[in-house]
Structures are given as structure tokens and as C-alpha cells.
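Step one of this worksheet: look at the structure below.
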Amino acid sequence: MQGVNVFENGIGYMLRCLSLYTSGTGYFVMYLIALAVLIASATERDRKLFLLPGLCGIVTIYNPFVPAVLEKLFDVSSEYYRLFWIAPVIVLVPYALTTLIMRVKPGGERRFVTAVVIAAFILGGNFVYADGIELAQNIYKIPDELIEISQIIHADSGSEYAKAFFEYDYNMEIRQYDPKMLLAIDREQYLYAVNYTYTDDMLGEDSDPANRILAPLVRNIKIRKSRFTGALEETKTQYVILSKGHPQAPFVKKCGLYEIAQTDTHVIYKYDLEDDTPFELVDYSDAEHRFSWRMLK
Amino acid sequence: MILVKSLAVFIVNFILYLAFGSIFTVRRDRKWSVAVTLAVGFFAYYGLFALVCFPIMFTYRPLSLLAYVWLVPCVVIVGISAILFGKKWAEKLCDIRGDIAENRLLFAFVLAITVISVILTSITYNFTLDAAYYVANVTTNVDTNMINVYDAFTGSWQDHFELRYAFATYYTVDSVVCFLTGLPALIETKIVMSSVVMVIVNILYVHICRYFFDDTKRAVIMYAFMTAINYMFISMYTASNFLMTRTYEGKSIVANVSVIAIFTLYMILVKDADTKGLFVLLFIVCLGTATVSSTANMVIPAEVCILFIPYAVLHKKWGMIAKTILCIMPELVMMLIYVLYVKGYYAIYTFPR
């Protein structure tokens with residue numbers, strides 16, 4: 001869970017996670033109320049189905065001390081919330097509400113209870129399409145413009161594979177559509193640059209050429225032209241795709257990149273690599289196909 | 001043409017799940033449920049696939065070989081199932097027809113809701129970071145004709161397998177399907193498999209509603225509330241959010257199919273108190289889930305233990321505790337393998353060393 005960890009929150013971690021998990025929705029509370037009601041009035045079957053596992057869950061995985069213990073064994077901070085999936089909210093709450101409605105005598109009284117339940121249900125939720133439905137632009141469910149950019153680059157490249165730098169969204173999406181588009185920056189590197197996990201000092205290190213691409217193009221850090229073009233050479237990156245009005249567009253042009261095309265919102269720049277040996281897949285034709293592993297510690 | 005292929009793959013998937021599941025659920029002397037059969041079949045399919053995939057993947061043989069090899073058990077199992085259970089399937093079809101005729105309201109409502117949910121998940125655009133790996137992994141495997149050897153994020157060659165993903169062979173099945181059918185990865189993952197998952201989830205919901213209520217009206221109301229929760233219980237982290245917006249991801253399957261399927265098996269145990277064959281089904285679900293997402297390694301053991309161990313203690317069925325632990329062994333073994341890898345104890349290479 002982003003921004004929450006066991007180390008900082010201690011035994012309050014579980015409740016903080018639950019709060020973020022529910023995010024103002026009331027169904028988990030309804031689940032706990034239904035569990036409480038079951039203690040008094042459930043049939044034997046329902047006690048076995050819901051109460052026994054529910055109580056067992058509360059003293060084990062939903063025990064506030066458990067994440068603190070688990071954290072010592074595994075890194076659970078980012079994934080603990082997934083244990084809330086186990087609570088059968090999707091079964092118990094509908095079952096309890098249905099029973100509640102149908103227990104009331106038919107007629108005005110039942111209509112009233114139904115209206116109250118539905119009102120509580122609606123008020124207790126966040127509708128999945130509350131911000132509207134964003135329809136996919138095409139059957140591939142990626143932006144049309146990304147497909148256009150892919151076609152432009154491959155038409156220009158002349159070789160089977162092309163290597164490029166894209167901005168955040170497109171960097172994450174292009175290879176879902178086009179596996180022949182190689183990327184200069186991988187997902188984690190991009191994320192760490194965007195969310196400042198990489199400090200300016202870290203991006204200043206020369207060891208990884210990706211730093212010299214991320215520094216100017218993602219973090220707007222000034223670097224020498226030769227360091228940037230050196231990174232393009234080392235990573236064999238031939239294309240840089242920036243949104244129109246990108247603050248580093250003038251820098252990119254000064255580095256010798258030139259525009260080959262524009263789409264609605266993006267500009268495609270090309271860099272002529274000194275070594276433009278095309279990318280080739282590893283040849284396994286003569287490889288001995290055996291399981292190969294090593295103990296490293 | 002793509003739509004026809006997609007529909008064909010969608011239908012073939014259900015035939016495969018029915019065939020795989022029937023082997024474990026259809027018996028001469030007892031009732032069997034289509035919902036449980038499809039759910040168990042789904043996980044049996046993915047579990048068996050992983051067993052076929054690992055030796056081929058870890059000896060860096062091509063995807064095309066895996067695809068053709070995988071066709072063999074699929075054809076054999078469908079053939080054997082059709083011979084052994086064809087009559088049972090036909091009888092069940094007649095039962096379902098009769099059931100539909102008697103409960104038109106329920107089935108019409110379920111059909112309408114399921115179709116709407118399938119359409120909504122298929123036509124909406126959702127940007128998720130995880131798709132950057134999962135879907136790109138399928139395109140990369142198909143393009144390179146290798147299995148998890150190239151980095152899905154960048155396309156570059158990896159000297160060792162990234163085991164966080166390599167053991168989750170759910171996406172390798174998508175690669176095989178795309179290779180065999182020519183379907184684009186984005187359509188296989190985000191439309192076909194999303195639809196498959198949504199349909200299985202709704203079939204399980206109907207099974208659950210009818211477990212609680214024989215009366216159609218009550219079952220319809222409960223199903224409506226279950227659907228409403230999926231549309232309303234939305235935060236970045238809920239199972240419903242994964243189902244509605246990230247349906248194709250392994251995590252969504254763990255949260256919405258595996259967790260519910262295991263709860264359904266527990267419901268059967270509570271109702272019938274008959275454990276004959278039940279733990280085989282539970283084992284199959286756990287085994288298949290372990291190959292869908294590494295998330296299963298934490299979630300599934302916790303759920304299985306919370307459901308089955310208190311029941312065993314309450315009924316003093318001590319042997320059930322051993323069976324329960326046996327069922328979660330796939331997750332425990334995967335967790336151990338994964339933790340040792342993450343902590344840098346070993347690496348599995350993509351080229352002989």
C-alpha cells in the first residue's frame with residue numbers, strides 16, 4: 001500500500017491499511033455488523049460459514065500485531081491489504097441484506113426497509129464509473145495516437161526493431177501493442193525517477209546510461225549534451241518521443257536530434273546513432289538445452 | 001475476423017474447463033455442479049499447464065514447441081472427458097434447460113448483468129502499470145518465440161529468468177493462445193480472458209445465491225446485491241476494483257475467482273459434511289492459483305487455513321488439518337522458491353552456463 005508501512009505505523013498499520021482499503025465505503029463495516037449479528041442469531045450453518053472463520057481471521061491475519069511479526073520475515077507492507085480479499089464481504093453482506101428484507105412482512109413495511117437498505121447501500125459506496133466511462137479508442141484498448149507513432153517509427157527505421165524513449169504513459173503501453181519497439185527505460189526506472197525515489201545525485205551517476213536520459217527528460221535536470229547523446233549511443237536509442245511543448249524539446253534539438261514527424265500531441269525526434277547495428281534476438285539454435293542454475297550465496 | 005476468433009477462443013476455454021473439471025467433479029453416484037466444475041477445471045487447466053511449461057521454459061526452448069506440446073493434453077483430456085462424461089453433460093444440459101424454464105427471472109437477470117459487465121470491462125479504457133509487464137510479456141513471448149527470456153518492459157535479453165513473473169504461467173497460456181490463433185495479445189488478455197473471468201465469477205455467484213436460497217426471488221435479490229457490491233465497493237485496493245477495472249490480471253483472478261471458489265468448497269463442506277473428494281478439488285484450486293499470480297502465495301494459505309482448520313478443530317477431524325496443509329503446499333513451496341530468489345540465493349539462467 002503506497003505511503004503506509006509497518007515500520008512507521010507499528011500496530012496501527014492494520015487499521016491504517018483497512019482505512020485505505022475501504023476508502024470511505026461502508027461494506028466492510030456492514031460485514032463486521034453482520035458478523036456481530038450472527039453471534040446472537042445465526043443458524044448453526046451460518047455460524048460455521050461466517051462466524052467461525054471471521055473470528056479466526058480477527059485473531060490471526062487481522063490481528064494488529066500480525067503485520068509487525070510478518071514484516072520481520074517478509075516485506076508485507078505493500079501487499080498486506082490483499083488479505084482483506086479473504087473476508088467474504090461479497091457473500092455475507094448480500095446474504096444478510098436479503099435476509100433482512102425478506103424477514104419483514106410484505107407490503108409497506110418491506111418497501112420501507114428495502115428503500116432504507118438500498119439508500120444505505122448507495123450512500124456506502126463509490127461507484128466504479130463515478131467519474132464517467134472512458135471508452136477505449138480502438139479494439140486494442142490503447143490510444144490511437146500510440147498506434148500511429150508506432151507505425152511512423154517502423155516506417156522510418158527500416159530495421160525490424162527500433163529503440164525509443166517515450167514519456168510515462170506511452171512508455172508503459174507501447175510494448176503491449178508493439179513488441180518490436182524496444183525501450184530505453186524500464187518501468188521501475190521510470191517510476192523511481194517520477195516519484196523521486198531516485199535522488200538528483202543518483203541520477204547524476206554515470207554508471208547507468210538510463211540516468212542520463214531520465215535526468216533531463218523526466219526530471220528536467222540540466223546535463224551536458226555529450227552525456228545525453230552518450231547515453232543514447234550506449235543504449236542504442238534512436239527515437240525520442242516527447243509531448244508537444246515539452247520543456248526539454250530545445251535541449252533535445254541542440255543535442256542533434258531532429259524531428260521526423262508530429263502527431264496530434266507528440267513530436268517524434270530521431271538521433272542518428274554512430275553504431276546503428278540492428279538489434280538481433282539471441283541465437284539458441286546451437287545452445288545445449290539444459291536446466292542451468294547456480295547458488296549465489 | 002478478430003471478433004470471430006475471440007468468440008471461438010472464449011467458447012473453447014469453457015469447453016476445456018468443463019473437460020478438465022469433470023475429471024475431478026463428475027461421479028456416477030453423486031450430484032455435480034457446473035459452477036464448481038468450471039471453476040475447478042479453470043485451475044486444473046492452469047495447474048497442468050504450469051507442469052508442462054516449466055521444463056520447456058527452463059531449458060529455453062521455443063514457445064512454438066510449448067504450444068504444440070500443450071495441444072496434446074488438451075485434446076486428450078477433452079476427448080477422454082467427452083467419452084466418459086458426455087452423457088452426464090447431456091443430462092446436465094437438460095437439467096439446466098428445465099431449471100431455466102422454472103426460474104426465468106433469475107437466469108434472465110443473471111444473463112443481463114453478466115453481459116453488461118462483460119461489455120463494460122471489454123470496452124472501457126484503464127491505464128494500469130501492471131499491464132506494462134503482463135500484456136507486454138505475452139507480446140514479447142510471441143514475437144521472440146521464446147518463453148520469458150526477454151524483458152517484457154524493454155525487450156532486452158535477460159541472462160536469468162525473472163522468477164517473480166516466470167512462475168506465474170497464466171500469461172504464458174495467453175502467449176500460447178496468441179501463437180496458435182494469431183490473436184493480438186491485447187485482445188486475448190484484455191477482452192477474451194477478461195470476459196472469461198467475469199463469466200466464471202458470475203456463475204459462482206449464482207451457485208452461492210442458490211446455496212442460500214431455494215426461492216428464486218431471494219436468490220435474485222442476493223445476486224443483485226453481490227453485483228452492486230462489485231460496482232460500488234471501489235477503492236484502489238478492493239477485489240471488486242480489480243474485477244471491474246483490471247479483470248485480466250492474475251491478482252484479479254486470485255481475489256475474485258480463487259477466493260470465491262475456495263469459499264464455495266467450504267460451503268459444500270459445511271452443508272454436506274462430506275469430505276470425499278473435496279480436498280482433491282481444494283488442492284486443484286490451490287495448485288492452479290499458485291500458477292496464476294505470486295499474490296496467491298500469501299492470500300490462499302491464509303484463506304484455506306482460516307476456513308478449514310477451525311472447522312477441523314471444531315469437529316475434531318484431525319486428519320483434515322493434514323489434508324488442509326497438503327492443499328496449500330503449492331503456495332508454500334512457491335513462496336520458499338520466490339523468497340530465496342528475491343534474497344539472491346540462486347538464479348536460473350536463460351542460457352547454458
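Residues are referred to by chain and number: the chain letter is A, B, ... according to the order shown in the C-alpha cells, the number counts from 1 in that chain, and ligands are numbered separately from 1 in the order shown.
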I'd like the contact shell of region 195-204 of chain A - 9 Å cut-off, only C-alpha atoms, skipping same-chain residues fewer than 2 positions apart - returned as number ranges by chain. A: 189-193, 206, 208, 210-212, 214-215, 219, 221, 223
Spatial neighbours of region 19-23 of chain B, 12 Å, only C-alpha atoms, chain gap at least 5 places, as JSON, numbers by chain: {"B": [12, 13, 14, 28, 31, 32, 33, 34, 35, 36, 37, 38, 39, 40, 41, 42, 43, 44, 45, 46, 47, 48, 49, 73, 74, 75, 76, 77, 78, 79, 80, 81, 82, 83, 84, 85, 86, 87, 88, 89, 92, 277, 280, 281, 284, 285, 288]}
Suppose we keep C-alpha atoms; can you now write the selection as a PDB file, in the first residue's frame?
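File written: part29.pdb
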```pdb
ATOM      1  CA  VAL B  12     -13.085 -23.240 -26.391  1.00  0.00           C
ATOM      2  CA  ASN B  13     -11.860 -22.045 -22.993  1.00  0.00           C
ATOM      3  CA  PHE B  14     -15.128 -23.092 -21.383  1.00  0.00           C
ATOM      4  CA  ARG B  28     -21.638 -41.663 -11.025  1.00  0.00           C
ATOM      5  CA  LYS B  31     -24.614 -34.706  -7.857  1.00  0.00           C
ATOM      6  CA  TRP B  32     -22.241 -32.359  -9.530  1.00  0.00           C
ATOM      7  CA  SER B  33     -22.377 -28.655 -10.189  1.00  0.00           C
ATOM      8  CA  VAL B  34     -21.423 -26.908 -13.412  1.00  0.00           C
ATOM      9  CA  ALA B  35     -20.193 -23.880 -11.443  1.00  0.00           C
ATOM     10  CA  VAL B  36     -17.785 -25.913  -9.315  1.00  0.00           C
ATOM     11  CA  THR B  37     -16.734 -27.988 -12.323  1.00  0.00           C
ATOM     12  CA  LEU B  38     -15.869 -24.900 -14.377  1.00  0.00           C
ATOM     13  CA  ALA B  39     -14.006 -23.267 -11.501  1.00  0.00           C
ATOM     14  CA  VAL B  40     -12.041 -26.421 -10.685  1.00  0.00           C
ATOM     15  CA  GLY B  41     -11.482 -27.016 -14.410  1.00  0.00           C
ATOM     16  CA  PHE B  42     -10.115 -23.498 -14.800  1.00  0.00           C
ATOM     17  CA  PHE B  43      -7.491 -24.135 -12.126  1.00  0.00           C
ATOM     18  CA  ALA B  44      -6.785 -27.700 -13.265  1.00  0.00           C
ATOM     19  CA  TYR B  45      -6.091 -26.294 -16.737  1.00  0.00           C
ATOM     20  CA  TYR B  46      -3.638 -23.683 -15.439  1.00  0.00           C
ATOM     21  CA  GLY B  47      -2.065 -26.081 -12.940  1.00  0.00           C
ATOM     22  CA  LEU B  48      -1.366 -28.725 -15.558  1.00  0.00           C
ATOM     23  CA  PHE B  49      -0.137 -26.103 -17.996  1.00  0.00           C
ATOM     24  CA  PRO B  73      -3.038 -32.984 -23.158  1.00  0.00           C
ATOM     25  CA  CYS B  74      -5.807 -30.577 -24.139  1.00  0.00           C
ATOM     26  CA  VAL B  75      -7.008 -32.795 -26.981  1.00  0.00           C
ATOM     27  CA  VAL B  76      -6.573 -35.989 -24.951  1.00  0.00           C
ATOM     28  CA  ILE B  77      -8.396 -34.655 -21.876  1.00  0.00           C
ATOM     29  CA  VAL B  78     -11.260 -33.186 -23.900  1.00  0.00           C
ATOM     30  CA  GLY B  79     -11.543 -36.496 -25.790  1.00  0.00           C
ATOM     31  CA  ILE B  80     -11.476 -38.665 -22.660  1.00  0.00           C
ATOM     32  CA  SER B  81     -13.883 -36.371 -20.834  1.00  0.00           C
ATOM     33  CA  ALA B  82     -16.285 -36.354 -23.762  1.00  0.00           C
ATOM     34  CA  ILE B  83     -16.269 -40.170 -23.835  1.00  0.00           C
ATOM     35  CA  LEU B  84     -16.542 -40.601 -20.062  1.00  0.00           C
ATOM     36  CA  PHE B  85     -18.824 -37.715 -19.203  1.00  0.00           C
ATOM     37  CA  GLY B  86     -20.620 -36.864 -22.450  1.00  0.00           C
ATOM     38  CA  LYS B  87     -23.807 -38.492 -21.219  1.00  0.00           C
ATOM     39  CA  LYS B  88     -23.562 -36.645 -17.904  1.00  0.00           C
ATOM     40  CA  TRP B  89     -23.032 -33.358 -19.733  1.00  0.00           C
ATOM     41  CA  LYS B  92     -26.916 -31.689 -17.055  1.00  0.00           C
ATOM     42  CA  GLY B 277     -13.087 -35.786  -2.945  1.00  0.00           C
ATOM     43  CA  VAL B 280      -8.758 -33.027  -4.122  1.00  0.00           C
ATOM     44  CA  LEU B 281     -10.817 -30.150  -5.520  1.00  0.00           C
ATOM     45  CA  ILE B 284      -6.516 -28.380  -7.597  1.00  0.00           C
ATOM     46  CA  VAL B 285      -7.769 -24.845  -6.926  1.00  0.00           C
ATOM     47  CA  GLY B 288      -3.846 -23.686 -10.223  1.00  0.00           C
TER      48      GLY B 288
END
```
Go through B:Trp70, B:Tyr150, B:Phe283, B:Phe233 and flag the residue nearest chain A, using only C-alpha atoms for the distances.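 Among the listed residues, the smallest separation from chain A belongs to B:Phe233.
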For CA of Val6 (chain A) and CA of Tyr62 (chain A), quote the distance in Å rounded to one decimal.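 Here the two named atoms are 13.6 Å from each other.
Here CA of Glu205 (chain A) stands at a distance of 23.4 Å from CA of Leu182 (chain A).
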Can you measure CA of Gly107 (chain A) to CA of Ser41 (chain A) for me? One decimal in Å is fine. 24.6 Å
Closest atom pairs, chain B residues within 7 Å of chain A, only C-alpha atoms, as JSON lines:
```
{"residue": "B:Phe58", "atom": "CA", "partner": "A:Phe291", "partner_atom": "CA", "distance": 5.8}
{"residue": "B:Thr59", "atom": "CA", "partner": "A:His289", "partner_atom": "CA", "distance": 4.9}
{"residue": "B:Tyr60", "atom": "CA", "partner": "A:His289", "partner_atom": "CA", "distance": 6.4}
{"residue": "B:Ile123", "atom": "CA", "partner": "A:Ala136", "partner_atom": "CA", "distance": 5.7}
{"residue": "B:Thr124", "atom": "CA", "partner": "A:Leu135", "partner_atom": "CA", "distance": 4.4}
{"residue": "B:Tyr125", "atom": "CA", "partner": "A:Ala136", "partner_atom": "CA", "distance": 4.5}
{"residue": "B:Leu129", "atom": "CA", "partner": "A:Met172", "partner_atom": "CA", "distance": 6.5}
{"residue": "B:Ala132", "atom": "CA", "partner": "A:Met172", "partner_atom": "CA", "distance": 4.9}
{"residue": "B:Val135", "atom": "CA", "partner": "A:Gln176", "partner_atom": "CA", "distance": 5.2}
{"residue": "B:Ala136", "atom": "CA", "partner": "A:Gln176", "partner_atom": "CA", "distance": 4.1}
{"residue": "B:Thr139", "atom": "CA", "partner": "A:Pro179", "partner_atom": "CA", "distance": 5.6}
{"residue": "B:Thr140", "atom": "CA", "partner": "A:Pro179", "partner_atom": "CA", "distance": 5.4}
{"residue": "B:Asp143", "atom": "CA", "partner": "A:Pro179", "partner_atom": "CA", "distance": 6.5}
{"residue": "B:Phe153", "atom": "CA", "partner": "A:Asp186", "partner_atom": "CA", "distance": 5.4}
{"residue": "B:Thr154", "atom": "CA", "partner": "A:Leu183", "partner_atom": "CA", "distance": 4.5}
{"residue": "B:Gly155", "atom": "CA", "partner": "A:Leu182", "partner_atom": "CA", "distance": 5.2}
{"residue": "B:Leu186", "atom": "CA", "partner": "A:Tyr140", "partner_atom": "CA", "distance": 5.5}
{"residue": "B:Ile187", "atom": "CA", "partner": "A:Tyr140", "partner_atom": "CA", "distance": 6.1}
{"residue": "B:Arg218", "atom": "CA", "partner": "A:Thr98", "partner_atom": "CA", "distance": 6.6}
{"residue": "B:Ile221", "atom": "CA", "partner": "A:Thr98", "partner_atom": "CA", "distance": 6.2}
{"residue": "B:Met222", "atom": "CA", "partner": "A:Pro94", "partner_atom": "CA", "distance": 5.1}
{"residue": "B:Phe225", "atom": "CA", "partner": "A:Pro94", "partner_atom": "CA", "distance": 5.1}
{"residue": "B:Met226", "atom": "CA", "partner": "A:Ile90", "partner_atom": "CA", "distance": 5.7}
{"residue": "B:Ile229", "atom": "CA", "partner": "A:Ile90", "partner_atom": "CA", "distance": 6.7}
{"residue": "B:Tyr231", "atom": "CA", "partner": "A:Val128", "partner_atom": "CA", "distance": 5.4}
{"residue": "B:Met232", "atom": "CA", "partner": "A:Phe127", "partner_atom": "CA", "distance": 4.4}
{"residue": "B:Phe233", "atom": "CA", "partner": "A:Gly125", "partner_atom": "CA", "distance": 5.6}
{"residue": "B:Ile234", "atom": "CA", "partner": "A:Asn126", "partner_atom": "CA", "distance": 5.4}
{"residue": "B:Ser235", "atom": "CA", "partner": "A:Ser23", "partner_atom": "CA", "distance": 5.8}
{"residue": "B:Tyr237", "atom": "CA", "partner": "A:Tyr21", "partner_atom": "CA", "distance": 5.5}
{"residue": "B:Thr238", "atom": "CA", "partner": "A:Tyr21", "partner_atom": "CA", "distance": 6.3}
{"residue": "B:Ala239", "atom": "CA", "partner": "A:Trp85", "partner_atom": "CA", "distance": 5.9}
{"residue": "B:Ala255", "atom": "CA", "partner": "A:Trp85", "partner_atom": "CA", "distance": 5.9}
{"residue": "B:Val259", "atom": "CA", "partner": "A:Ile86", "partner_atom": "CA", "distance": 6.4}
{"residue": "B:Met267", "atom": "CA", "partner": "A:Leu49", "partner_atom": "CA", "distance": 6.6}
{"residue": "B:Val270", "atom": "CA", "partner": "A:Arg45", "partner_atom": "CA", "distance": 6.7}
{"residue": "B:Val299", "atom": "CA", "partner": "A:Leu83", "partner_atom": "CA", "distance": 5.7}
{"residue": "B:Glu303", "atom": "CA", "partner": "A:Ile86", "partner_atom": "CA", "distance": 5.9}
{"residue": "B:Ile306", "atom": "CA", "partner": "A:Pro53", "partner_atom": "CA", "distance": 5.3}
{"residue": "B:Leu307", "atom": "CA", "partner": "A:Pro53", "partner_atom": "CA", "distance": 5.2}
{"residue": "B:Pro310", "atom": "CA", "partner": "A:Leu52", "partner_atom": "CA", "distance": 6.8}
{"residue": "B:Gly344", "atom": "CA", "partner": "A:Leu296", "partner_atom": "CA", "distance": 6.6}
{"residue": "B:Tyr345", "atom": "CA", "partner": "A:Lys297", "partner_atom": "CA", "distance": 5.0}
{"residue": "B:Tyr346", "atom": "CA", "partner": "A:Met295", "partner_atom": "CA", "distance": 4.3}
{"residue": "B:Ala347", "atom": "CA", "partner": "A:Trp293", "partner_atom": "CA", "distance": 5.6}
{"residue": "B:Ile348", "atom": "CA", "partner": "A:Trp293", "partner_atom": "CA", "distance": 4.2}
{"residue": "B:Tyr349", "atom": "CA", "partner": "A:Ser292", "partner_atom": "CA", "distance": 5.4}
{"residue": "B:Pro352", "atom": "CA", "partner": "A:Ser292", "partner_atom": "CA", "distance": 5.5}
{"residue": "B:Arg353", "atom": "CA", "partner": "A:Ser292", "partner_atom": "CA", "distance": 6.2}
```
Of the listed residues B:Ile116, B:Ser252, B:Ala152, B:Lys271, that which approaches Tyr211 (chain B) most closely, counting only C-alpha atoms: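 Checking each candidate against Tyr211 (chain B), we get B:Lys271 as the closest.
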Using only C-alpha atoms, can you tell me which of A:Pro64, A:Thr229, A:Pro106, A:Ile39 comes closest to Lys254 (chain A)?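 Of A:Pro64, A:Thr229, A:Pro106, A:Ile39, the one nearest Lys254 (chain A), counting only C-alpha atoms, is A:Thr229.
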Give me, as a ChimeraX atom specification, the residues of region 2-248 of chain B that a backbone DSSP run labels strand (DSSP E or B). /B:124,150,157,160
